[in-house]
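Text of the file my_file17.pdb, holding PDB, C-alpha atoms, pLDDT in the B column:
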```pdb
ATOM      1  CA  MET A   1       0.000   0.000   0.000  1.00 78.00           C
ATOM      2  CA  LEU A   2       2.791   2.389   0.909  1.00 81.00           C
ATOM      3  CA  LYS A   3       4.607   1.594  -2.335  1.00 83.00           C
ATOM      4  CA  LYS A   4       1.517   2.519  -4.343  1.00 84.00           C
ATOM      5  CA  ILE A   5       1.173   5.825  -2.508  1.00 85.00           C
ATOM      6  CA  LEU A   6       4.849   6.677  -2.951  1.00 84.00           C
ATOM      7  CA  ILE A   7       4.784   5.763  -6.645  1.00 86.00           C
ATOM      8  CA  THR A   8       1.626   7.809  -7.170  1.00 87.00           C
ATOM      9  CA  LEU A   9       3.085  10.827  -5.389  1.00 84.00           C
ATOM     10  CA  SER A  10       6.379  10.599  -7.280  1.00 84.00           C
ATOM     11  CA  LEU A  11       4.579  10.329 -10.627  1.00 82.00           C
ATOM     12  CA  LEU A  12       2.355  13.262  -9.721  1.00 80.00           C
ATOM     13  CA  PHE A  13       5.408  15.311  -8.806  1.00 79.00           C
ATOM     14  CA  ALA A  14       7.219  14.314 -12.012  1.00 77.00           C
ATOM     15  CA  VAL A  15       4.262  15.276 -14.185  1.00 72.00           C
ATOM     16  CA  SER A  16       3.772  18.597 -12.431  1.00 74.00           C
ATOM     17  CA  ALA A  17       7.488  19.427 -12.529  1.00 71.00           C
ATOM     18  CA  THR A  18       7.989  18.872 -16.264  1.00 67.00           C
ATOM     19  CA  PRO A  19       8.067  22.002 -18.388  1.00 66.00           C
ATOM     20  CA  ARG A  20       5.501  22.682 -21.065  1.00 63.00           C
ATOM     21  CA  ALA A  21       6.476  21.154 -24.387  1.00 62.00           C
ATOM     22  CA  VAL A  22       7.280  23.502 -27.245  1.00 60.00           C
ATOM     23  CA  TYR A  23       6.134  22.298 -30.625  1.00 66.00           C
ATOM     24  CA  ALA A  24       7.429  23.601 -33.927  1.00 69.00           C
ATOM     25  CA  VAL A  25       4.952  24.434 -36.653  1.00 75.00           C
ATOM     26  CA  GLU A  26       6.131  22.633 -39.754  1.00 78.00           C
ATOM     27  CA  ASN A  27       5.090  23.899 -43.183  1.00 81.00           C
ATOM     28  CA  CYS A  28       5.723  21.653 -46.178  1.00 83.00           C
ATOM     29  CA  VAL A  29       5.335  22.824 -49.781  1.00 85.00           C
ATOM     30  CA  THR A  30       5.577  20.749 -52.933  1.00 85.00           C
ATOM     31  CA  VAL A  31       7.751  22.536 -55.486  1.00 80.00           C
ATOM     32  CA  TYR A  32       6.825  22.134 -59.175  1.00 80.00           C
ATOM     33  CA  GLY A  33       9.176  19.628 -60.789  1.00 78.00           C
ATOM     34  CA  GLY A  34      10.992  19.006 -57.539  1.00 78.00           C
ATOM     35  CA  GLY A  35      10.549  17.522 -54.135  1.00 84.00           C
ATOM     36  CA  VAL A  36       8.983  18.711 -50.957  1.00 85.00           C
ATOM     37  CA  VAL A  37      10.442  21.718 -49.123  1.00 82.00           C
ATOM     38  CA  CYS A  38       9.710  21.954 -45.409  1.00 81.00           C
ATOM     39  CA  SER A  39      10.407  24.722 -42.930  1.00 80.00           C
ATOM     40  CA  ALA A  40       9.809  24.864 -39.201  1.00 76.00           C
ATOM     41  CA  GLU A  41       8.780  27.860 -37.117  1.00 74.00           C
ATOM     42  CA  THR A  42       8.715  28.045 -33.346  1.00 70.00           C
ATOM     43  CA  GLU A  43       7.007  30.502 -31.058  1.00 69.00           C
ATOM     44  CA  ASN A  44       9.171  33.062 -29.322  1.00 70.00           C
ATOM     45  CA  ILE A  45       8.457  32.634 -25.624  1.00 67.00           C
ATOM     46  CA  VAL A  46       9.831  35.372 -23.408  1.00 73.00           C
ATOM     47  CA  HIS A  47      10.462  34.331 -19.825  1.00 76.00           C
ATOM     48  CA  LYS A  48      10.227  37.171 -17.345  1.00 81.00           C
ATOM     49  CA  PRO A  49      11.420  36.645 -13.784  1.00 79.00           C
ATOM     50  CA  VAL A  50       8.764  37.081 -11.147  1.00 75.00           C
ATOM     51  CA  GLU A  51       9.603  38.346  -7.688  1.00 74.00           C
ATOM     52  CA  THR A  52       8.265  35.867  -5.146  1.00 68.00           C
ATOM     53  CA  ASP A  53       8.964  34.888  -1.590  1.00 68.00           C
ATOM     54  CA  LEU A  54       7.566  32.403   0.899  1.00 62.00           C
ATOM     55  CA  GLY A  55       4.820  34.887   1.743  1.00 64.00           C
ATOM     56  CA  ASP A  56       3.138  33.975  -1.540  1.00 64.00           C
ATOM     57  CA  VAL A  57       2.982  30.283  -0.630  1.00 69.00           C
ATOM     58  CA  ARG A  58       0.002  29.308   1.479  1.00 77.00           C
ATOM     59  CA  PRO A  59       0.871  28.080   4.984  1.00 78.00           C
ATOM     60  CA  LEU A  60      -1.612  25.226   4.604  1.00 81.00           C
ATOM     61  CA  VAL A  61       0.344  23.873   1.624  1.00 82.00           C
ATOM     62  CA  LEU A  62       3.675  24.139   3.443  1.00 81.00           C
ATOM     63  CA  GLY A  63       2.229  22.543   6.559  1.00 86.00           C
ATOM     64  CA  SER A  64       0.660  19.654   4.688  1.00 91.00           C
ATOM     65  CA  VAL A  65       3.901  18.978   2.802  1.00 90.00           C
ATOM     66  CA  LEU A  66       5.847  19.019   6.070  1.00 91.00           C
ATOM     67  CA  ILE A  67       3.368  16.720   7.835  1.00 94.00           C
ATOM     68  CA  GLY A  68       3.165  14.342   4.858  1.00 94.00           C
ATOM     69  CA  THR A  69       6.924  14.111   4.546  1.00 94.00           C
ATOM     70  CA  SER A  70       7.441  13.545   8.254  1.00 95.00           C
ATOM     71  CA  PHE A  71       4.723  10.865   8.313  1.00 94.00           C
ATOM     72  CA  ALA A  72       6.252   9.077   5.323  1.00 94.00           C
ATOM     73  CA  LEU A  73       9.704   9.127   6.926  1.00 94.00           C
ATOM     74  CA  PHE A  74       8.218   7.882  10.214  1.00 94.00           C
ATOM     75  CA  VAL A  75       6.479   4.935   8.537  1.00 93.00           C
ATOM     76  CA  LEU A  76       9.546   4.131   6.465  1.00 92.00           C
ATOM     77  CA  SER A  77      11.860   4.207   9.487  1.00 92.00           C
ATOM     78  CA  ARG A  78       9.518   1.928  11.469  1.00 91.00           C
ATOM     79  CA  LYS A  79       9.456  -0.593   8.611  1.00 89.00           C
ATOM     80  CA  ILE A  80      13.233  -0.534   8.332  1.00 88.00           C
ATOM     81  CA  ALA A  81      13.562  -0.988  12.107  1.00 87.00           C
ATOM     82  CA  GLN A  82      11.120  -3.918  12.069  1.00 86.00           C
ATOM     83  CA  ARG A  83      12.989  -5.618   9.239  1.00 84.00           C
ATOM     84  CA  ALA A  84      16.306  -5.063  11.000  1.00 81.00           C
ATOM     85  CA  SER A  85      14.957  -6.601  14.216  1.00 79.00           C
ATOM     86  CA  VAL A  86      13.657  -9.646  12.320  1.00 74.00           C
ATOM     87  CA  ILE A  87      17.016 -10.127  10.603  1.00 73.00           C
ATOM     88  CA  THR A  88      19.007  -9.911  13.848  1.00 71.00           C
ATOM     89  CA  LYS A  89      16.806 -12.440  15.709  1.00 65.00           C
TER      90      LYS A  89
END
```
Would you encode the structure as structure tokens?
Amino acid sequence: MLKKILITLSLLFAVSATPRAVYAVENCVTVYGGGVVCSAETENIVHKPVETDLGDVRPLVLGSVLIGTSFALFVLSRKIAQRASVITK
């Protein structure tokens, strides 16, 4: 059960952390008596830095991340301790 939760959370994080894909618009034209000529155009995306600080992040989000992480580490450490005690017996 814990593996499923951890895999789901890691996949959710990976999907949310990936940048937006940039696709090129490809135009192909058939030239008379010749082959096909293709050209690609991409959008010019201008990235502007935004001034942020931790005041913009909601305390509920930070608290839930902290509690979730500490709970996951607690459960993981108890499982490791139980396995270590079984091995040493």
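Note that the spacing between atom CA of Leu73 of chain A and atom CA of Thr8 of chain A amounts to 16.3 Å.
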**Request:** Find the distance between atom CA of Leu12 of chain A and atom CA of Thr42 of chain A and write it in Å to one decimal.
**Result:**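 The value is 28.6 Å.
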**Prompt:** How many Å separate atom CA of Lys3 of chain A from atom CA of Ser85 of chain A?
**Reply:**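 Taking atom CA of Lys3 of chain A as the start and atom CA of Ser85 of chain A as the end point, the length is 21.2 Å.
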